[in-house]
>>> print(open('data-v2.pdb').read())   # PDB, C-alpha atoms, pLDDT in the B column
MODEL        1
ATOM      1  CA  MET I  21     -62.277-116.566-148.349  1.00 58.00           C
ATOM      2  CA  PRO I  22     -61.085-120.134-147.740  1.00 68.00           C
ATOM      3  CA  HIS I  23     -63.519-122.768-146.572  1.00 77.00           C
ATOM      4  CA  LYS I  24     -63.015-124.206-143.111  1.00 80.00           C
ATOM      5  CA  ILE I  25     -63.785-127.664-141.828  1.00 83.00           C
ATOM      6  CA  GLU I  26     -63.608-129.076-138.342  1.00 87.00           C
ATOM      7  CA  ILE I  27     -61.893-132.373-137.714  1.00 86.00           C
ATOM      8  CA  ASP I  28     -61.834-134.542-134.635  1.00 88.00           C
ATOM      9  CA  ASP I  29     -58.764-135.373-132.559  1.00 87.00           C
ATOM     10  CA  GLU I  30     -58.288-138.788-134.152  1.00 88.00           C
ATOM     11  CA  VAL I  31     -58.106-137.330-137.666  1.00 86.00           C
ATOM     12  CA  TYR I  32     -55.799-134.545-136.512  1.00 83.00           C
ATOM     13  CA  ARG I  33     -53.410-137.060-134.901  1.00 83.00           C
ATOM     14  CA  GLU I  34     -53.333-138.974-138.180  1.00 83.00           C
ATOM     15  CA  LEU I  35     -52.494-135.768-140.068  1.00 80.00           C
ATOM     16  CA  GLU I  36     -49.698-135.050-137.596  1.00 79.00           C
ATOM     17  CA  ARG I  37     -48.356-138.565-138.140  1.00 80.00           C
ATOM     18  CA  HIS I  38     -47.903-137.788-141.852  1.00 77.00           C
ATOM     19  CA  VAL I  39     -46.183-134.413-141.437  1.00 73.00           C
ATOM     20  CA  ASN I  40     -42.875-134.033-143.279  1.00 68.00           C
ATOM     21  CA  GLY I  41     -40.671-131.319-141.820  1.00 61.00           C
ATOM     22  CA  PHE I  42     -42.652-128.164-141.146  1.00 62.00           C
ATOM     23  CA  GLU I  43     -45.738-129.031-143.154  1.00 68.00           C
ATOM     24  CA  SER I  44     -49.065-127.686-141.989  1.00 74.00           C
ATOM     25  CA  PRO I  45     -52.125-129.972-141.822  1.00 77.00           C
ATOM     26  CA  ASN I  46     -53.275-128.355-145.083  1.00 77.00           C
ATOM     27  CA  ASP I  47     -49.951-129.241-146.728  1.00 76.00           C
ATOM     28  CA  VAL I  48     -50.348-132.867-145.601  1.00 78.00           C
ATOM     29  CA  LEU I  49     -53.855-133.045-147.053  1.00 81.00           C
ATOM     30  CA  ARG I  50     -52.715-131.452-150.322  1.00 77.00           C
ATOM     31  CA  ARG I  51     -49.836-133.928-150.585  1.00 78.00           C
ATOM     32  CA  LEU I  52     -51.890-137.015-149.675  1.00 81.00           C
ATOM     33  CA  LEU I  53     -55.078-136.175-151.562  1.00 82.00           C
ATOM     34  CA  LEU I  54     -53.881-134.039-154.454  1.00 78.00           C
ATOM     35  CA  GLY I  55     -50.286-135.139-154.988  1.00 74.00           C
ATOM     36  CA  TYR I  56     -49.097-131.633-154.086  1.00 68.00           C
ATOM     37  CA  LYS I  57     -45.358-131.233-153.693  1.00 62.00           C
ATOM     38  CA  HIS I  58     -44.226-128.386-151.461  1.00 54.00           C
ATOM     39  CA  PRO I  59     -41.957-126.182-153.599  1.00 51.00           C
ATOM     40  CA  THR I  60     -38.434-125.641-152.377  1.00 47.00           C
ATOM     41  CA  THR I  61     -38.450-122.108-153.714  1.00 46.00           C
ATOM     42  CA  HIS I  62     -41.316-119.760-154.312  1.00 51.00           C
ATOM     43  CA  PRO I  63     -41.495-117.529-157.391  1.00 49.00           C
ATOM     44  CA  LYS I  64     -42.114-114.477-155.200  1.00 53.00           C
ATOM     45  CA  ALA I  65     -38.867-114.971-153.280  1.00 50.00           C
ATOM     46  CA  SER I  66     -36.738-115.633-156.324  1.00 48.00           C
ATOM     47  CA  THR I  67     -37.977-112.698-158.396  1.00 52.00           C
ATOM     48  CA  CYS I  68     -38.585-109.975-155.809  1.00 62.00           C
ATOM     49  CA  LYS I  69     -36.674-107.860-153.369  1.00 83.00           C
ATOM     50  CA  PRO I  70     -35.121-109.356-150.235  1.00 91.00           C
ATOM     51  CA  GLY I  71     -37.513-109.904-147.342  1.00 93.00           C
ATOM     52  CA  LYS I  72     -37.350-107.948-144.101  1.00 95.00           C
ATOM     53  CA  LEU I  73     -35.566-110.814-142.310  1.00 96.00           C
ATOM     54  CA  SER I  74     -32.587-110.540-144.663  1.00 95.00           C
ATOM     55  CA  ILE I  75     -30.869-108.218-142.167  1.00 95.00           C
ATOM     56  CA  LEU I  76     -31.008-110.980-139.533  1.00 96.00           C
ATOM     57  CA  LEU I  77     -29.842-113.622-142.017  1.00 95.00           C
ATOM     58  CA  GLU I  78     -26.889-111.496-143.106  1.00 94.00           C
ATOM     59  CA  ALA I  79     -25.954-110.872-139.465  1.00 94.00           C
ATOM     60  CA  GLY I  80     -26.017-114.629-138.790  1.00 95.00           C
ATOM     61  CA  GLN I  81     -28.698-114.222-136.105  1.00 96.00           C
ATOM     62  CA  ILE I  82     -31.158-116.487-137.906  1.00 97.00           C
ATOM     63  CA  HIS I  83     -30.768-119.142-140.586  1.00 95.00           C
ATOM     64  CA  VAL I  84     -32.781-120.519-143.479  1.00 93.00           C
ATOM     65  CA  ASN I  85     -35.219-123.197-142.221  1.00 93.00           C
ATOM     66  CA  ASP I  86     -35.331-121.792-138.675  1.00 96.00           C
ATOM     67  CA  THR I  87     -38.787-121.963-137.114  1.00 96.00           C
ATOM     68  CA  LEU I  88     -40.780-118.950-135.928  1.00 97.00           C
ATOM     69  CA  THR I  89     -43.793-119.372-133.623  1.00 97.00           C
ATOM     70  CA  HIS I  90     -46.552-117.245-132.160  1.00 97.00           C
ATOM     71  CA  HIS I  91     -48.654-118.620-129.329  1.00 95.00           C
ATOM     72  CA  GLN I  92     -52.061-117.304-128.284  1.00 92.00           C
ATOM     73  CA  PRO I  93     -52.654-119.026-124.924  1.00 90.00           C
ATOM     74  CA  ARG I  94     -56.207-117.778-124.343  1.00 91.00           C
ATOM     75  CA  LYS I  95     -57.314-118.943-127.781  1.00 89.00           C
ATOM     76  CA  HIS I  96     -55.269-122.152-127.539  1.00 90.00           C
ATOM     77  CA  ARG I  97     -53.655-121.443-130.902  1.00 92.00           C
ATOM     78  CA  THR I  98     -50.066-121.641-132.039  1.00 94.00           C
ATOM     79  CA  PHE I  99     -48.861-120.481-135.428  1.00 95.00           C
ATOM     80  CA  ALA I 100     -45.607-121.509-137.048  1.00 96.00           C
ATOM     81  CA  ALA I 101     -43.535-120.226-139.931  1.00 96.00           C
ATOM     82  CA  THR I 102     -40.218-121.023-141.532  1.00 96.00           C
ATOM     83  CA  VAL I 103     -37.419-118.648-142.479  1.00 95.00           C
ATOM     84  CA  GLU I 104     -36.777-118.910-146.213  1.00 92.00           C
ATOM     85  CA  ASP I 105     -34.028-117.749-148.555  1.00 87.00           C
ATOM     86  CA  HIS I 106     -33.596-114.019-149.020  1.00 90.00           C
ATOM     87  CA  GLY I 107     -35.300-113.184-145.702  1.00 94.00           C
ATOM     88  CA  TRP I 108     -38.790-114.356-146.619  1.00 94.00           C
ATOM     89  CA  ILE I 109     -41.216-116.148-144.273  1.00 95.00           C
ATOM     90  CA  ARG I 110     -43.292-119.198-145.225  1.00 94.00           C
ATOM     91  CA  THR I 111     -46.537-119.930-143.375  1.00 93.00           C
ATOM     92  CA  GLU I 112     -49.252-122.460-144.094  1.00 90.00           C
ATOM     93  CA  LYS I 113     -50.984-119.755-146.140  1.00 88.00           C
ATOM     94  CA  ASP I 114     -48.262-118.206-148.305  1.00 90.00           C
ATOM     95  CA  LEU I 115     -44.811-116.667-148.529  1.00 91.00           C
ATOM     96  CA  TYR I 116     -44.249-113.160-147.142  1.00 92.00           C
ATOM     97  CA  ASP I 117     -41.479-110.582-147.210  1.00 94.00           C
ATOM     98  CA  ASN I 118     -42.672-108.960-143.965  1.00 95.00           C
ATOM     99  CA  PRO I 119     -43.127-110.616-140.540  1.00 97.00           C
ATOM    100  CA  SER I 120     -46.144-108.471-139.613  1.00 96.00           C
ATOM    101  CA  ARG I 121     -48.025-109.303-142.814  1.00 95.00           C
ATOM    102  CA  ALA I 122     -47.247-112.997-142.362  1.00 95.00           C
ATOM    103  CA  LEU I 123     -48.599-113.075-138.811  1.00 96.00           C
ATOM    104  CA  ALA I 124     -51.591-110.823-139.507  1.00 94.00           C
ATOM    105  CA  ASP I 125     -52.720-113.160-142.280  1.00 92.00           C
ATOM    106  CA  LEU I 126     -52.646-116.077-139.837  1.00 93.00           C
ATOM    107  CA  VAL I 127     -54.311-114.427-136.824  1.00 93.00           C
ATOM    108  CA  GLY I 128     -56.810-112.411-138.853  1.00 90.00           C
ATOM    109  CA  SER I 129     -55.999-108.965-137.463  1.00 92.00           C
ATOM    110  CA  GLN I 130     -53.202-106.407-137.442  1.00 94.00           C
ATOM    111  CA  ILE I 131     -50.298-107.519-135.271  1.00 95.00           C
ATOM    112  CA  ASP I 132     -46.644-106.586-134.930  1.00 97.00           C
ATOM    113  CA  GLY I 133     -44.727-109.563-136.279  1.00 97.00           C
ATOM    114  CA  TRP I 134     -41.404-108.205-135.029  1.00 97.00           C
ATOM    115  CA  ALA I 135     -42.750-108.204-131.449  1.00 97.00           C
ATOM    116  CA  ASN I 136     -44.771-111.433-131.641  1.00 97.00           C
ATOM    117  CA  TRP I 137     -42.902-113.964-133.766  1.00 98.00           C
ATOM    118  CA  VAL I 138     -40.509-115.950-131.555  1.00 97.00           C
ATOM    119  CA  HIS I 139     -37.384-117.339-133.185  1.00 97.00           C
ATOM    120  CA  GLU I 140     -37.442-120.858-131.750  1.00 96.00           C
ATOM    121  CA  PRO I 141     -33.685-121.615-131.800  1.00 96.00           C
ATOM    122  CA  SER I 142     -32.887-118.498-129.723  1.00 97.00           C
ATOM    123  CA  GLY I 143     -36.161-118.057-127.801  1.00 97.00           C
ATOM    124  CA  ARG I 144     -36.120-114.352-128.675  1.00 97.00           C
ATOM    125  CA  THR I 145     -38.569-112.282-130.682  1.00 97.00           C
ATOM    126  CA  LEU I 146     -37.548-111.040-134.109  1.00 97.00           C
ATOM    127  CA  GLY I 147     -37.573-107.507-132.696  1.00 96.00           C
ATOM    128  CA  GLN I 148     -35.202-108.481-129.896  1.00 97.00           C
ATOM    129  CA  LEU I 149     -32.839-110.030-132.442  1.00 96.00           C
ATOM    130  CA  ARG I 150     -33.074-106.962-134.699  1.00 95.00           C
ATOM    131  CA  ASP I 151     -32.482-104.545-131.812  1.00 94.00           C
ATOM    132  CA  SER I 152     -29.509-106.523-130.460  1.00 90.00           C
ATOM    133  CA  ARG I 153     -27.581-105.881-133.691  1.00 73.00           C
ATOM    134  CA  ASN I 154     -26.905-102.292-132.555  1.00 62.00           C
TER     135      ASN I 154
ENDMDL
END
>>> encode(input="data-v2.pdb", output="structure tokens")
Amino acid sequence: MPHKIEIDDEVYRELERHVNGFESPNDVLRRLLLGYKHPTTHPKASTCKPGKLSILLEAGQIHVNDTLTHHQPRKHRTFAATVEDHGWIRTEKDLYDNPSRALADLVGSQIDGWANWVHEPSGRTLGQLRDSRN
């Protein structure tokens, strides 16, 4: 289980100031403190089967580098992910071939990623995009 630390608003604003692209605060800290470079491709995506979003990529409904979000208003939390090559999803935690697994890992419980990830460019859920193909 990962360790968690709390930071104040001033530190968080400074982290946000150093964000490159869709980096998470953890990515910023890794880059600034450890010299971490965010890989452009992940070994899982290049050596495994296509991810579940490949059907939407092939249909032209989503594109590589599009942002996905899930907002939990009562908990004041928003999660973000990026569409990767071959229909994979990158979050601050890892790379996933399945939208539900990606979101469940972030929120900490089972959740339907197709119904709850919103594709930011279109404003529609992944499920709405998938179902509109028919």
>>> atom_distance(input="data-v2.pdb", atom1="CA of Leu35 in chain I", atom2="CA of Asn118 in chain I")
28.8 Å
>>> resolve_selection(input="data-v2.pdb", expression="the PyMOL selection byres ((chain I and resi 74) around 12)", output="short mmCIF file (atom, residue, chain, number, x, y, z; two decimals) with C-alpha atoms, keeping the file's coordinate frame")
data_model
loop_
_atom_site.label_atom_id
_atom_site.label_comp_id
_atom_site.auth_asym_id
_atom_site.auth_seq_id
_atom_site.Cartn_x
_atom_site.Cartn_y
_atom_site.Cartn_z
CA ALA I 65 -38.87 -114.97 -153.28
CA LYS I 69 -36.67 -107.86 -153.37
CA PRO I 70 -35.12 -109.36 -150.24
CA GLY I 71 -37.51 -109.90 -147.34
CA LYS I 72 -37.35 -107.95 -144.10
CA LEU I 73 -35.57 -110.81 -142.31
CA ILE I 75 -30.87 -108.22 -142.17
CA LEU I 76 -31.01 -110.98 -139.53
CA LEU I 77 -29.84 -113.62 -142.02
CA GLU I 78 -26.89 -111.50 -143.11
CA ALA I 79 -25.95 -110.87 -139.46
CA GLY I 80 -26.02 -114.63 -138.79
CA GLN I 81 -28.70 -114.22 -136.10
CA ILE I 82 -31.16 -116.49 -137.91
CA HIS I 83 -30.77 -119.14 -140.59
CA VAL I 84 -32.78 -120.52 -143.48
CA VAL I 103 -37.42 -118.65 -142.48
CA GLU I 104 -36.78 -118.91 -146.21
CA ASP I 105 -34.03 -117.75 -148.56
CA HIS I 106 -33.60 -114.02 -149.02
CA GLY I 107 -35.30 -113.18 -145.70
CA TRP I 108 -38.79 -114.36 -146.62
CA ILE I 109 -41.22 -116.15 -144.27
CA ASP I 117 -41.48 -110.58 -147.21
CA ASN I 118 -42.67 -108.96 -143.96
CA PRO I 119 -43.13 -110.62 -140.54
CA LEU I 146 -37.55 -111.04 -134.11
CA ARG I 150 -33.07 -106.96 -134.70
#
>>> closest_residue(input="data-v2.pdb", among="I:Asp125, I:Glu140, I:Glu30, I:Glu36", to="Arg110 in chain I", atoms="all atoms listed in the file")
I:Asp125
>>> atom_distance(input="data-v2.pdb", atom1="CA of Val138 in chain I", atom2="CA of Leu88 in chain I")
5.3 Å
>>> resolve_selection(input="data-v2.pdb", expression="the PyMOL selection byres ((chain I and resi 130-134) around 7)", output="ChimeraX atom specification")
/I:119-120,123-124,129,135-137,145-147
>>> resolve_selection(input="data-v2.pdb", expression="the PyMOL selection byres ((chain I and resi 44) around 12)", output="PyMOL selection string")
chain I and resi 32+35-43+45-51+58+98-102+110-114
>>> write_last_selection(input="data-v2.pdb", atoms="C-alpha atoms", output="JSON list (two decimals), in the frame of the given file")
[["chain", "number", "residue", "atom", "x", "y", "z"],
["I", 32, "TYR", "CA", -55.80, -134.54, -136.51],
["I", 35, "LEU", "CA", -52.49, -135.77, -140.07],
["I", 36, "GLU", "CA", -49.70, -135.05, -137.60],
["I", 37, "ARG", "CA", -48.36, -138.56, -138.14],
["I", 38, "HIS", "CA", -47.90, -137.79, -141.85],
["I", 39, "VAL", "CA", -46.18, -134.41, -141.44],
["I", 40, "ASN", "CA", -42.88, -134.03, -143.28],
["I", 41, "GLY", "CA", -40.67, -131.32, -141.82],
["I", 42, "PHE", "CA", -42.65, -128.16, -141.15],
["I", 43, "GLU", "CA", -45.74, -129.03, -143.15],
["I", 45, "PRO", "CA", -52.12, -129.97, -141.82],
["I", 46, "ASN", "CA", -53.28, -128.35, -145.08],
["I", 47, "ASP", "CA", -49.95, -129.24, -146.73],
["I", 48, "VAL", "CA", -50.35, -132.87, -145.60],
["I", 49, "LEU", "CA", -53.86, -133.04, -147.05],
["I", 50, "ARG", "CA", -52.72, -131.45, -150.32],
["I", 51, "ARG", "CA", -49.84, -133.93, -150.58],
["I", 58, "HIS", "CA", -44.23, -128.39, -151.46],
["I", 98, "THR", "CA", -50.07, -121.64, -132.04],
["I", 99, "PHE", "CA", -48.86, -120.48, -135.43],
["I", 100, "ALA", "CA", -45.61, -121.51, -137.05],
["I", 101, "ALA", "CA", -43.54, -120.23, -139.93],
["I", 102, "THR", "CA", -40.22, -121.02, -141.53],
["I", 110, "ARG", "CA", -43.29, -119.20, -145.22],
["I", 111, "THR", "CA", -46.54, -119.93, -143.38],
["I", 112, "GLU", "CA", -49.25, -122.46, -144.09],
["I", 113, "LYS", "CA", -50.98, -119.76, -146.14],
["I", 114, "ASP", "CA", -48.26, -118.21, -148.30]]
>>> atom_distance(input="data-v2.pdb", atom1="CA of Arg153 in chain I", atom2="CA of Arg121 in chain I")
22.6 Å
